[in-house]
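Peer 1: Pasting a structure below so you can have a look.
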Amino acid sequence: MMRAGAAVMALAMPAVASAAEADDAAVQGQAAQDGAAQDERVQVERAPLPEDIVVTAQKRTQLLADIPQSISVVGEATLERQQARSFTDYVELVPSLSITQSNPGETRVILRGINTGSVGSTVAIYVDETPFGSSSSLGNAAVLAGDFDTFDLQRVEVLRGPQGTLYGSNSLGGVIRFVTNPPALGEYEVRAQAGVEFVDGGGTGWSGNALVNVPVGDNIAVRASGFYRRQAGFVDVIGRTLEKEADEADIYGGRISALFQPSDALSLRLTAIAQNIRAGSPSSYEADPVTKKPITTDPYTGAELSGLNRVEFYPDNNDVDYRLYNGTVDFDLGFATLTSVTSYGTLKQDQRTDNTIAFGPTVTFVYQALGGRTDTIGAFLEAPLDQKKFTQEVRLSSPDSDVFEWQIGGYYTDEKVKLHQELIPFVQDTAQLFDPTVLGFADLLTLDLNSDYEEIAGFANADFHITPRWDVSGGVRYSHNEQTVQQIEQGAFQPLQGLPSPNITDGDSSENVFTWSASTRYELSDLSSVYARVAKGYRPGGPNVIPPGAGPDFPVQYEADTLISYEIGVRGETADRSFAFDGAVYYLDWNDILVFGAFDSAIGPVGANDNGDGARVYGAEVSATLRPTAGLQLAVNGAYNDAKLSDDTPPVTGGLEGDELPYTPKFTTTFSLDYEWALGGDATAFVGGDVQLVSDQSAAFDPAYRATFGRRLELDGYEKVDLRAGVDFGAFSVTAFARNLTNTLGLSNVADFGARPDTLVSASPIRPRTVGLSVAAGF
């Protein structure tokens, strides 16, 4: 229910001038008022003010200020002015959000520090009403978060804290929702953008986007958009012939959506989304294991180097394809609105990784000893992944009420993942593929991991408005999942280790999980409120496949890990909206944490999921916006997260009690300043900038690094400065921007100790200084 309570500005939007944010909010408010936003249709008590921020995070259209939990909104105007197209571009706008990324399409998303480096996701990704990505921990979901292009998005909603009642599995840390612009009935719209950018020490990137909205009669509208981005590279490859800017990537795709609304009571929306990512080598360089500074000499030839360099003997490659199809029906039955959401999504990855440093000596020995060869042999890993996911949700939502509101629904998903891994030999001197049939086998080593995940769930949620200023809410969800997995190993390595080829192993699991939430909110005045929330989230457990010769400590299966969050928050603003504040403190109690480790077996170390004991997080978040005069906005958002293990992890993972959770800086802060002013007519000019501060953080648990250096692998803190300026003429706009103005070598990921030359590690930096220009036109 939309109530006349506090309407604090969206606190993930500090970096945009107030007029732009008002435009965002006005669009969202009008959508809620006239029913254009067809995802969640409700009656509203009053039309939102232009400055109000409207969200659908709780599967019902509400004012952001009326929701008793931490939510950030990054609106369309923010995304466009900052040229924010992916996670890496807007991560600094959301408190407690961090990511690790070496390749486009391979991103780990972390909220409030909930991360142990495992392969199961702790943040659920949604596009409108549709979940995207694997629910299980057998599909590499943790590093394959859907990084959808933001062109023609209405907003990005980030729900922090567990969302197990409404969003189900994998939402321990929270949920990220990409909310698309729906087709607009009775309106024509055409818009296009083009841009170019230049990367310091790298190449030139460019982009082009376009959209069209066309009404078909009074009751039908179609909206289509497309985009293409060339992301410039900045890392050179050595080890084979030199390749400059080998981490260049092309990202392209589109979306089409049709809306049929024959009456105020009934609407049907059909949407199809496609996005392709074509990336070369990772954006990571060979670094000193202690200082993390780039190498200055070639580790093999001793030649002097400049810039950022990566060793590869065979070219790496990473192609990722997203496909998502959705049909949403809303039908007003009078006593409630019936919503049906049917979706089918696929995620395909075709990845090639040079493994010569790790496997080259072994492969060379095998071929020289058994194949009579004298060549030095390398090896690369081909690892295609194919995920298919069907979901169906049906729910009933009561009309808005001053007394009592409710939701009840059911959810079903069926997900299949096929992961194929093949070790392919090649001659290092020529990079020509080498025929493994000289050993009498078609393959050197292949592994197929085929899994099936099926879940059914029921949920209910209720809001009690005890007085005009006091609300109490609660929700429950019961989930049941069943999983099966089969692993097939075959190739020349099998009989060399006394094992059959093929070798087939199976596993299965079944579990029930109950999650819940309870919250209360009290309005201290019309413009301020406090809230408290307790909630439980979970991530599914599942089966492992037992390899031959596995030891007694090898886990047959792993249990669901669960998290309970305790949160207290306050929101408020002044009557003239010149100052707004949002803050929260929280404690997260994480049990049976899911970890990933390499266990000994007859075929060598085998990765498997396992459970540790626990972890905890003490945290606080704050956002504040000050508008001292017309057109001027100053803002700050920051987070403190003290995230640590409560107990040791299993030894193969290498975490010790008191260790910080990976990739969770204790402090993050972003300061923003924006100013806009009228130039006359419809023209408006704007300038702005951000300063981001990130403290030191620990990398993934690594027993080998700790044994060598006596401590954890760490990432140093850094500062980053972004600037932007432009002129908006109404139908035409020009924007100039500079990211990472001081060219800081900040790091988002450091890993692969023992898998790089000598004792080097692989370091993934934020993008170097990038300057660019974008033009847009529309009517």
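In the structure tokens, chains take letters A, B, ... by order of appearance, with residues numbered from 1 within each chain and ligands from 1 in the order shown.
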Give me the residues near A:Glu248 as number ranges by chain, where near means some atom within 7 Å (using only C-alpha atoms) and where sequence neighbours in that chain fewer than 3 positions away do not count.
Peer 2: A: 231-233, 245, 279-280
Peer 1: For those residues, write C-alpha atoms to a file as a PDB file, in the first residue's frame.
Peer 2:
```pdb
ATOM      1  CA  GLN A 231      34.822  -3.038 -24.789  1.00  0.00           C
ATOM      2  CA  ALA A 232      38.415  -1.987 -25.327  1.00  0.00           C
ATOM      3  CA  GLY A 233      41.204  -4.181 -24.008  1.00  0.00           C
ATOM      4  CA  GLU A 245      44.917  -5.673 -25.872  1.00  0.00           C
ATOM      5  CA  ALA A 279      35.464 -12.045 -24.749  1.00  0.00           C
ATOM      6  CA  GLY A 280      39.079 -12.911 -25.364  1.00  0.00           C
TER       7      GLY A 280
END
```
Peer 1: What's around A:Leu111 at 9 Å? Count only C-alpha atoms, leave out sequence neighbours fewer than 2 positions away in its own chain, and write the answer as a list in words.
Peer 2: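 In the requested form, the answer reads Pro95, Ser96, Leu97, Ser98, Ile99, Val109, Gly113, Ile114, Asn115, Thr122, Val123, Arg160, Gly161, Leu172, Gly173, Gly174, Val175 and Thr664 of chain A.
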Peer 1: Could you turn the residues from that selection into a file that holds C-alpha atoms, as a compact mmCIF listing (two decimals), in the first residue's frame?
Peer 2:
```txt
# COMPACT_ATOMS: atom_id res chain seq x y z
CA PRO A 95 26.27 0.27 -0.28
CA SER A 96 27.71 -3.17 0.61
CA LEU A 97 27.78 -4.33 -3.02
CA SER A 98 31.08 -5.72 -4.31
CA ILE A 99 32.04 -7.85 -7.28
CA VAL A 109 28.26 -10.64 -6.94
CA GLY A 113 30.10 -9.82 2.65
CA ILE A 114 28.20 -13.10 2.19
CA ASN A 115 30.84 -15.03 0.28
CA THR A 122 24.49 -16.06 -2.61
CA VAL A 123 22.73 -13.26 -4.54
CA ARG A 160 20.09 -6.20 0.77
CA GLY A 161 19.70 -8.95 3.33
CA LEU A 172 21.14 -15.09 1.45
CA GLY A 173 22.94 -11.85 0.68
CA GLY A 174 20.05 -10.30 -1.22
CA VAL A 175 18.50 -9.86 -4.66
CA THR A 664 34.63 -7.91 1.49
```
Peer 1: Show me a table, sorted first by chain and then by increasing residue number, of the residues of stretch 688-723 of chain A having an atom at most 9 Å from stretch 749-773 of chain A, each with its shortest atom pair and the distance in Å to one decimal, counting only C-alpha atoms and written as a tab-separated table.
Peer 2:
```
residue	atom	partner	partner_atom	distance
A:Ala699	CA	A:Val750	CA	6.2
A:Ala700	CA	A:Ala751	CA	7.2
A:Asp702	CA	A:Phe753	CA	8.1
A:Ala704	CA	A:Phe753	CA	7.6
A:Tyr705	CA	A:Phe753	CA	6.6
A:Leu713	CA	A:Val750	CA	7.7
A:Glu714	CA	A:Val750	CA	7.8
A:Leu715	CA	A:Val750	CA	7.2
```
Peer 1: For A:Gln349, find every residue with an atom within 8 Å (counting only C-alpha atoms), except residues of its own chain fewer than 3 positions away, and show them as a list in words.
Peer 2: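 Listing them by chain and then by number gives Asn318, Asp319, Val320, Asp321, Ala383, Pro384, Leu385 and Asp386 of chain A.
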Peer 1: Would you mind listing what lies within 7 Å of A:Asn450 as a PyMOL selection string, with only C-alpha atoms counted and same-chain residues fewer than 6 positions away left out?
Peer 2: chain A and resi 417-419+485-487
Peer 1: Show which residues sit within 9 Å of A:Leu347, as a PyMOL selection string. Count only C-alpha atoms, and ignore same-chain residues fewer than 5 positions away.
Peer 2: chain A and resi 132-134+144+146+320-324+385-389
Peer 1: Find the residues around stretch 328-332 of chain A up to 7 Å (only C-alpha atoms counted), leave out those fewer than 2 positions away in its own chain, and share them as a PyMOL selection string.
Peer 2: chain A and resi 265-270+326+334+336-342
Peer 1: Out of stretch 371-507 of chain A, which residues get helix (DSSP H, G or I) from DSSP, as a list of chain:residue names?
Peer 2: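 Selection result, helix (DSSP H, G or I) within stretch 371-507 of chain A: A:Pro436, A:Thr437, A:Val438, A:Leu439, A:Phe493, A:Gln494, A:Pro495, A:Leu496.
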Peer 1: If we count only C-alpha atoms and set the cut-off at 8 Å, which residues sit around A:Thr376, ignoring sequence neighbours fewer than 2 positions away in its own chain? Please answer as a ChimeraX atom specification.
Peer 2: /A:364,374,378,427-429
Peer 1: Pick the closest to A:Asn641 from A:Gln407, A:Arg112, A:Glu129, A:Thr56: which is it, counting only C-alpha atoms?
Peer 2: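 Result for the nearest residue to A:Asn641: A:Arg112.
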